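Text of protein.cif, listed as mmCIF, C-alpha atoms:
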data_query
loop_
_atom_site.group_PDB
_atom_site.id
_atom_site.type_symbol
_atom_site.label_atom_id
_atom_site.label_comp_id
_atom_site.auth_asym_id
_atom_site.auth_seq_id
_atom_site.Cartn_x
_atom_site.Cartn_y
_atom_site.Cartn_z
ATOM 1 C CA MET T 2 0.000 0.000 0.000
ATOM 2 C CA GLY T 3 1.348 3.391 -0.935
ATOM 3 C CA LEU T 4 1.661 6.331 1.383
ATOM 4 C CA ARG T 5 -1.256 8.233 -0.171
ATOM 5 C CA SER T 6 -3.530 5.210 0.144
ATOM 6 C CA TYR T 7 -2.499 4.694 3.759
ATOM 7 C CA LEU T 8 -3.089 8.340 4.680
ATOM 8 C CA PHE T 9 -6.429 8.376 2.857
ATOM 9 C CA LEU T 10 -7.646 5.184 4.567
ATOM 10 C CA MET T 11 -6.347 6.321 7.950
ATOM 11 C CA THR T 12 -8.149 9.658 7.572
ATOM 12 C CA ILE T 13 -11.417 7.962 6.568
ATOM 13 C CA ALA T 14 -11.119 5.455 9.440
ATOM 14 C CA THR T 15 -10.420 8.286 11.882
ATOM 15 C CA LEU T 16 -13.446 10.253 10.687
ATOM 16 C CA ILE T 17 -15.633 7.147 11.034
ATOM 17 C CA ALA T 18 -14.265 6.556 14.544
ATOM 18 C CA TRP T 19 -14.995 10.158 15.531
ATOM 19 C CA GLY T 20 -18.499 9.817 14.105
ATOM 20 C CA ALA T 21 -19.013 6.637 16.126
ATOM 21 C CA TRP T 22 -17.702 8.365 19.245
ATOM 22 C CA PHE T 23 -20.120 11.289 18.808
ATOM 23 C CA PHE T 24 -22.929 8.787 18.219
ATOM 24 C CA VAL T 25 -22.061 6.989 21.463
ATOM 25 C CA ILE T 26 -21.868 10.283 23.353
ATOM 26 C CA MET T 27 -25.262 11.428 22.065
ATOM 27 C CA THR T 28 -27.184 8.167 22.401
ATOM 28 C CA ILE T 29 -25.859 6.243 25.396
ATOM 29 C CA ASP T 30 -26.572 7.290 28.958
ATOM 30 C CA PRO T 31 -23.534 6.188 30.984
ATOM 31 C CA SER T 32 -25.456 5.942 34.261
ATOM 32 C CA ALA T 33 -28.201 3.747 32.785
ATOM 33 C CA SER T 34 -26.301 1.739 30.213
ATOM 34 C CA PRO T 35 -24.840 -1.700 30.765
ATOM 35 C CA VAL T 36 -21.160 -2.454 30.434
ATOM 36 C CA SER T 37 -21.511 -2.532 26.645
ATOM 37 C CA GLY T 38 -22.101 1.245 26.657
ATOM 38 C CA LEU T 39 -18.829 1.853 28.487
ATOM 39 C CA ILE T 40 -16.997 -0.526 26.184
ATOM 40 C CA ALA T 41 -18.408 1.324 23.163
ATOM 41 C CA PHE T 42 -17.334 4.658 24.643
ATOM 42 C CA TYR T 43 -13.772 3.608 25.448
ATOM 43 C CA LEU T 44 -13.309 1.675 22.194
ATOM 44 C CA THR T 45 -14.502 4.536 19.981
ATOM 45 C CA SER T 46 -12.496 7.004 22.055
ATOM 46 C CA PHE T 47 -9.374 4.869 21.685
ATOM 47 C CA LEU T 48 -9.784 4.453 17.919
ATOM 48 C CA SER T 49 -10.513 8.166 17.404
ATOM 49 C CA LEU T 50 -7.488 9.247 19.395
ATOM 50 C CA LEU T 51 -5.304 6.608 17.739
ATOM 51 C CA GLY T 52 -6.193 7.957 14.313
ATOM 52 C CA ILE T 53 -5.647 11.598 15.250
ATOM 53 C CA PHE T 54 -2.355 10.984 17.063
ATOM 54 C CA THR T 55 -1.064 8.771 14.263
ATOM 55 C CA LEU T 56 -1.906 11.278 11.548
ATOM 56 C CA LEU T 57 -0.526 14.212 13.524
ATOM 57 C CA GLY T 58 2.599 12.252 14.425
ATOM 58 C CA PHE T 59 3.190 11.383 10.792
ATOM 59 C CA VAL T 60 2.716 14.999 9.661
ATOM 60 C CA VAL T 61 5.171 16.235 12.298
ATOM 61 C CA ARG T 62 7.741 13.602 11.272
ATOM 62 C CA TRP T 63 7.180 14.341 7.597
ATOM 63 C CA LEU T 64 7.795 18.063 8.161
ATOM 64 C CA TRP T 65 10.711 17.496 10.534
ATOM 65 C CA TYR T 66 12.640 14.776 8.719
ATOM 66 C CA ARG T 67 11.562 15.470 5.106
ATOM 67 C CA SER T 68 13.724 13.055 3.145
ATOM 68 C CA ARG T 69 16.087 11.806 5.845
ATOM 69 C CA ARG T 70 13.930 8.820 6.796
ATOM 70 C CA PRO T 71 11.799 6.449 4.716
ATOM 71 C CA HIS T 72 8.037 6.897 4.977
ATOM 72 C CA ARG T 73 7.425 3.458 6.479
ATOM 73 C CA TYR T 74 9.726 4.404 9.363
ATOM 74 C CA LYS T 75 7.752 7.599 9.978
ATOM 75 C CA VAL T 76 4.423 5.776 9.737
ATOM 76 C CA SER T 77 5.413 2.948 12.082
ATOM 77 C CA ILE T 78 6.751 5.281 14.764
ATOM 78 C CA ALA T 79 3.743 7.594 14.444
ATOM 79 C CA PHE T 80 1.367 4.641 14.783
ATOM 80 C CA ARG T 81 3.178 3.191 17.779
ATOM 81 C CA GLN T 82 3.349 6.525 19.596
ATOM 82 C CA GLY T 83 -0.284 7.212 18.707
ATOM 83 C CA LEU T 84 -1.106 3.875 20.291
ATOM 84 C CA TRP T 85 0.715 4.810 23.514
ATOM 85 C CA TRP T 86 -0.937 8.247 23.742
ATOM 86 C CA SER T 87 -4.396 6.835 23.033
ATOM 87 C CA LEU T 88 -3.952 4.088 25.583
ATOM 88 C CA ALA T 89 -2.630 6.521 28.208
ATOM 89 C CA LEU T 90 -5.545 8.922 27.706
ATOM 90 C CA ASN T 91 -8.105 6.129 27.870
ATOM 91 C CA ILE T 92 -6.537 4.778 31.041
ATOM 92 C CA ALA T 93 -6.643 8.296 32.504
ATOM 93 C CA LEU T 94 -10.311 8.650 31.480
ATOM 94 C CA ALA T 95 -11.178 5.304 33.055
ATOM 95 C CA LEU T 96 -9.365 6.196 36.274
ATOM 96 C CA GLN T 97 -11.005 9.624 36.371
ATOM 97 C CA SER T 98 -14.453 8.047 35.930
ATOM 98 C CA GLN T 99 -13.770 6.103 39.140
ATOM 99 C CA ASN T 100 -12.262 9.152 40.913
ATOM 100 C CA LEU T 101 -8.899 7.388 41.135
ATOM 101 C CA LEU T 102 -6.826 9.691 38.946
ATOM 102 C CA SER T 103 -4.117 11.729 40.631
ATOM 103 C CA TRP T 104 -1.023 13.589 39.484
ATOM 104 C CA TRP T 105 1.344 10.848 40.611
ATOM 105 C CA LEU T 106 -0.667 8.216 38.733
ATOM 106 C CA ILE T 107 -0.498 10.306 35.545
ATOM 107 C CA LEU T 108 3.243 10.622 36.078
ATOM 108 C CA LEU T 109 3.546 6.858 36.581
ATOM 109 C CA ILE T 110 1.590 6.150 33.378
ATOM 110 C CA MET T 111 3.757 8.592 31.429
ATOM 111 C CA VAL T 112 7.002 7.113 32.788
ATOM 112 C CA LEU T 113 5.803 3.615 31.920
ATOM 113 C CA PHE T 114 4.878 4.490 28.336
ATOM 114 C CA ILE T 115 7.984 6.614 27.794
ATOM 115 C CA SER T 116 10.145 3.736 29.037
ATOM 116 C CA VAL T 117 8.470 1.303 26.660
ATOM 117 C CA GLU T 118 8.830 3.747 23.744
ATOM 118 C CA VAL T 119 12.496 4.421 24.488
ATOM 119 C CA THR T 120 13.064 0.663 24.520
ATOM 120 C CA PHE T 121 11.405 0.350 21.106
ATOM 121 C CA LEU T 122 13.452 3.243 19.740
ATOM 122 C CA MET T 123 16.701 1.762 21.036
ATOM 123 C CA LEU T 124 15.874 -1.621 19.495
ATOM 124 C CA SER T 125 15.029 -0.025 16.163
ATOM 125 C CA GLN T 126 18.309 1.938 16.214
ATOM 126 C CA ARG T 127 20.198 -1.313 16.760
ATOM 127 C CA LYS T 128 18.518 -2.802 13.697
ATOM 128 C CA LEU T 129 19.503 0.210 11.608
ATOM 129 C CA ASN T 130 23.169 0.066 12.718
#
Please express what this file holds, its structure, as structure tokens.
Amino acid sequence: MGLRSYLFLMTIATLIAWGAWFFVIMTIDPSASPVSGLIAFYLTSFLSLLGIFTLLGFVVRWLWYRSRRPHRYKVSIAFRQGLWWSLALNIALALQSQNLLSWWLILLIMVLFISVEVTFLMLSQRKLN
């Protein structure tokens, strides 16, 4: 799949995910819905954020690196970091819904995801060298 096709499909999928998220927000009452309503909310939220963070991450890398890195490298890192950010925000939302979120827990989540990402980056640098 070419870069244009990937970006087009990712944009369409992100727009569909945002539409689904707005649909869930407008139609499901969180206090009266069963667990399936919460699953729908968190799943659509995760997919929407994943799409936005991936697309924004790719655009930033494309502007920053221009021709120094191949596109598949930029796309894979943008997707992986979009995954971490989406997961971290959904975890924070879930903790906040239970009144368990605090500054030190946010810091712990960020340190965990940054550590995992640094590990991935170091392993990918080893493969390149």
Judged by all atoms listed in the file, the minimum distance to Ala18 of chain T among T:Ser116, T:Thr45, T:Ser103, T:Ser37 is found for T:Thr45
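Going from atom CA of Phe80 of chain T to atom CA of Leu50 of chain T covers 11.0 Å.
With all atoms listed in the file as the atoms that count, the residue of T:Leu4, T:Leu124, T:Leu102, T:Ile107 with the shortest distance to Val76 of chain T is T:Leu4.
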Give the padded box for segment 100-118 of chain T as JSON: axis-aligned, covering all atoms listed in the file, 5 Å on each side, centre and edge lengths in Å to one decimal.
{"center_x": -1.1, "center_y": 7.4, "center_z": 32.4, "size_x": 32.4, "size_y": 22.3, "size_z": 27.4}
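For the pair atom CA of Asp30 of chain T and atom CA of Phe42 of chain T, the separation is 10.5 Å.
Checking T:Pro71, T:Gly83, T:Gly20, T:Gly3 one by one against Thr55 of chain T, counting only C-alpha atoms, you find the shortest gap at T:Gly83.
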